[in-house]
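Right, one structure below, let's go through it.
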Amino acid sequence: MLIHIGFGNIVNTAKIIAIVSPESAPVKRMVQGAKEKGMAIDATQGRKTKSVLVMENSQVVLSALLPETIAGRVQTGQGDGVQQADEEGNEY
């Protein structure tokens, strides 16, 4: 199943290992390491990163949506590309 992670970006839920907050030092190191190796995909459209999706193939996907929002979409099967707005009113 595919899920919308903001700004028209979609990921395969079967490949997601974890959805985490980017605030902790270990996650920041993981993201930096992935960027250095070319394994990071930035899907934030220049917005603040609010969640990091860790994928099966060691790639990380950065999203401007909260982890709870993405997890809720995975659990309910939403994320079919319907336009919604974030906390600032920006459509994604």
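If you're wondering about the labels, chains in the structure tokens are A, B, ... by order shown, residues count from 1 in each chain, ligands from 1 in order shown.
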Find the residues near Leu65 (chain A): any atom within 10 Å, counting only C-alpha atoms, skip ones fewer than 6 places away on the same chain, and give them as a VMD selection string.
-> chain A and resid 4 to 7 43 to 44 47 to 52 86 to 87 92
Written file, previous selection with N, CA and C atoms, as a compact mmCIF listing (two decimals), in the first residue's frame:
```
# COMPACT_ATOMS: atom_id res chain seq x y z
N HIS A 4 0.54 8.77 1.50
CA HIS A 4 0.91 10.16 1.26
C HIS A 4 1.63 10.70 2.49
N ILE A 5 2.87 11.23 2.30
CA ILE A 5 3.64 11.76 3.42
C ILE A 5 3.80 13.28 3.34
N GLY A 6 3.01 13.92 2.50
CA GLY A 6 3.03 15.37 2.41
C GLY A 6 3.58 15.89 1.10
N PHE A 7 2.99 16.97 0.61
CA PHE A 7 3.44 17.68 -0.59
C PHE A 7 3.51 16.79 -1.82
N ALA A 43 11.68 14.93 1.64
CA ALA A 43 10.34 15.15 1.11
C ALA A 43 9.65 16.29 1.87
N THR A 44 10.45 17.22 2.43
CA THR A 44 9.87 18.28 3.26
C THR A 44 9.51 19.54 2.48
N ARG A 47 10.38 22.68 4.33
CA ARG A 47 9.78 22.88 5.64
C ARG A 47 10.61 22.17 6.71
N LYS A 48 10.28 22.41 7.96
CA LYS A 48 10.97 21.75 9.06
C LYS A 48 10.68 20.25 9.04
N THR A 49 11.70 19.46 9.25
CA THR A 49 11.53 18.00 9.33
C THR A 49 10.87 17.66 10.66
N LYS A 50 9.71 16.99 10.57
CA LYS A 50 8.99 16.60 11.78
C LYS A 50 8.99 15.10 12.00
N SER A 51 9.33 14.34 10.95
CA SER A 51 9.43 12.90 11.12
C SER A 51 10.45 12.33 10.16
N VAL A 52 11.01 11.19 10.57
CA VAL A 52 11.99 10.47 9.76
C VAL A 52 11.45 9.06 9.58
N ASP A 86 -1.45 21.54 6.55
CA ASP A 86 -0.71 21.33 7.80
C ASP A 86 -1.12 22.38 8.82
N GLU A 87 -0.39 22.42 9.95
CA GLU A 87 -0.76 23.32 11.03
C GLU A 87 -0.69 24.80 10.64
N TYR A 92 -0.67 20.26 1.31
CA TYR A 92 0.35 19.27 0.98
C TYR A 92 -0.28 18.07 0.33
```
Excluding Thr76 (chain A) and any residue of its chain fewer than 5 positions from it, enumerate the residues within 12 Å of it, using only C-alpha atoms, and give them as a ChimeraX atom specification.
-> /A:1-3,13,69-71
Running DSSP on the backbone, which parts of chain A land in helix (DSSP H, G or I), as a PyMOL selection string?
-> chain A and resi 13-15+25-37+67-76
Which residues, written as number ranges by chain, have at least one atom at most 7 Å from Pro67 (chain A), with only C-alpha atoms counted and residues fewer than 6 positions away on the same chain left out?
-> A: 19-21, 51
Store the residues picked out above, limited to N, CA and C atoms, as a PDB file, in the first residue's frame.
```pdb
ATOM      1  N   ILE A  19       8.935   4.961  12.063  1.00  0.00           N
ATOM      2  CA  ILE A  19       8.628   6.376  11.868  1.00  0.00           C
ATOM      3  C   ILE A  19       8.987   7.057  13.181  1.00  0.00           C
ATOM      4  N   VAL A  20      10.016   7.913  13.154  1.00  0.00           N
ATOM      5  CA  VAL A  20      10.543   8.482  14.384  1.00  0.00           C
ATOM      6  C   VAL A  20      10.624  10.003  14.313  1.00  0.00           C
ATOM      7  N   SER A  21      10.684  10.618  15.475  1.00  0.00           N
ATOM      8  CA  SER A  21      10.888  12.053  15.591  1.00  0.00           C
ATOM      9  C   SER A  21      12.354  12.365  15.321  1.00  0.00           C
ATOM     10  N   SER A  51       9.329  14.344  10.952  1.00  0.00           N
ATOM     11  CA  SER A  51       9.431  12.898  11.124  1.00  0.00           C
ATOM     12  C   SER A  51      10.453  12.325  10.159  1.00  0.00           C
TER      13      SER A  51
END
```
Here CA of Arg29 (chain A) and CA of Leu66 (chain A) stand apart by 19.4 Å
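For the atom pair formed by CA of Val27 (chain A) and CA of Val54 (chain A), the distance is 10.0 Å, given to one decimal.
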Nearby residues (only C-alpha atoms) at most 8 Å from Met55 (chain A), same-chain spacing under 2 positions excluded, as an NGL selection string = :A and (15-18 or 53 or 57-61)
How would you write, as a PyMOL selection string, the set of residues in region 15-67 of chain A that DSSP gives as strand (DSSP E or B)?
-> chain A and resi 16-20+40-42+51-55+60-63
One-decimal distance in Å that lies between CA of Gly33 (chain A) and CA of Ala64 (chain A) =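 Separation of CA of Ala64 (chain A) and CA of Gly33 (chain A): 19.5 Å.
Distances from A:Ile41, A:Ala14, A:Val74, A:Met30 to Glu56 (chain A) were compared using only C-alpha atoms, and the smallest one belongs to A:Ala14.
Distance annotation: of A:Gly72, A:Lys37, A:Ile10, A:Leu62, the residue with the minimal separation from Pro22 (chain A) is A:Leu62; atom set is only C-alpha atoms.
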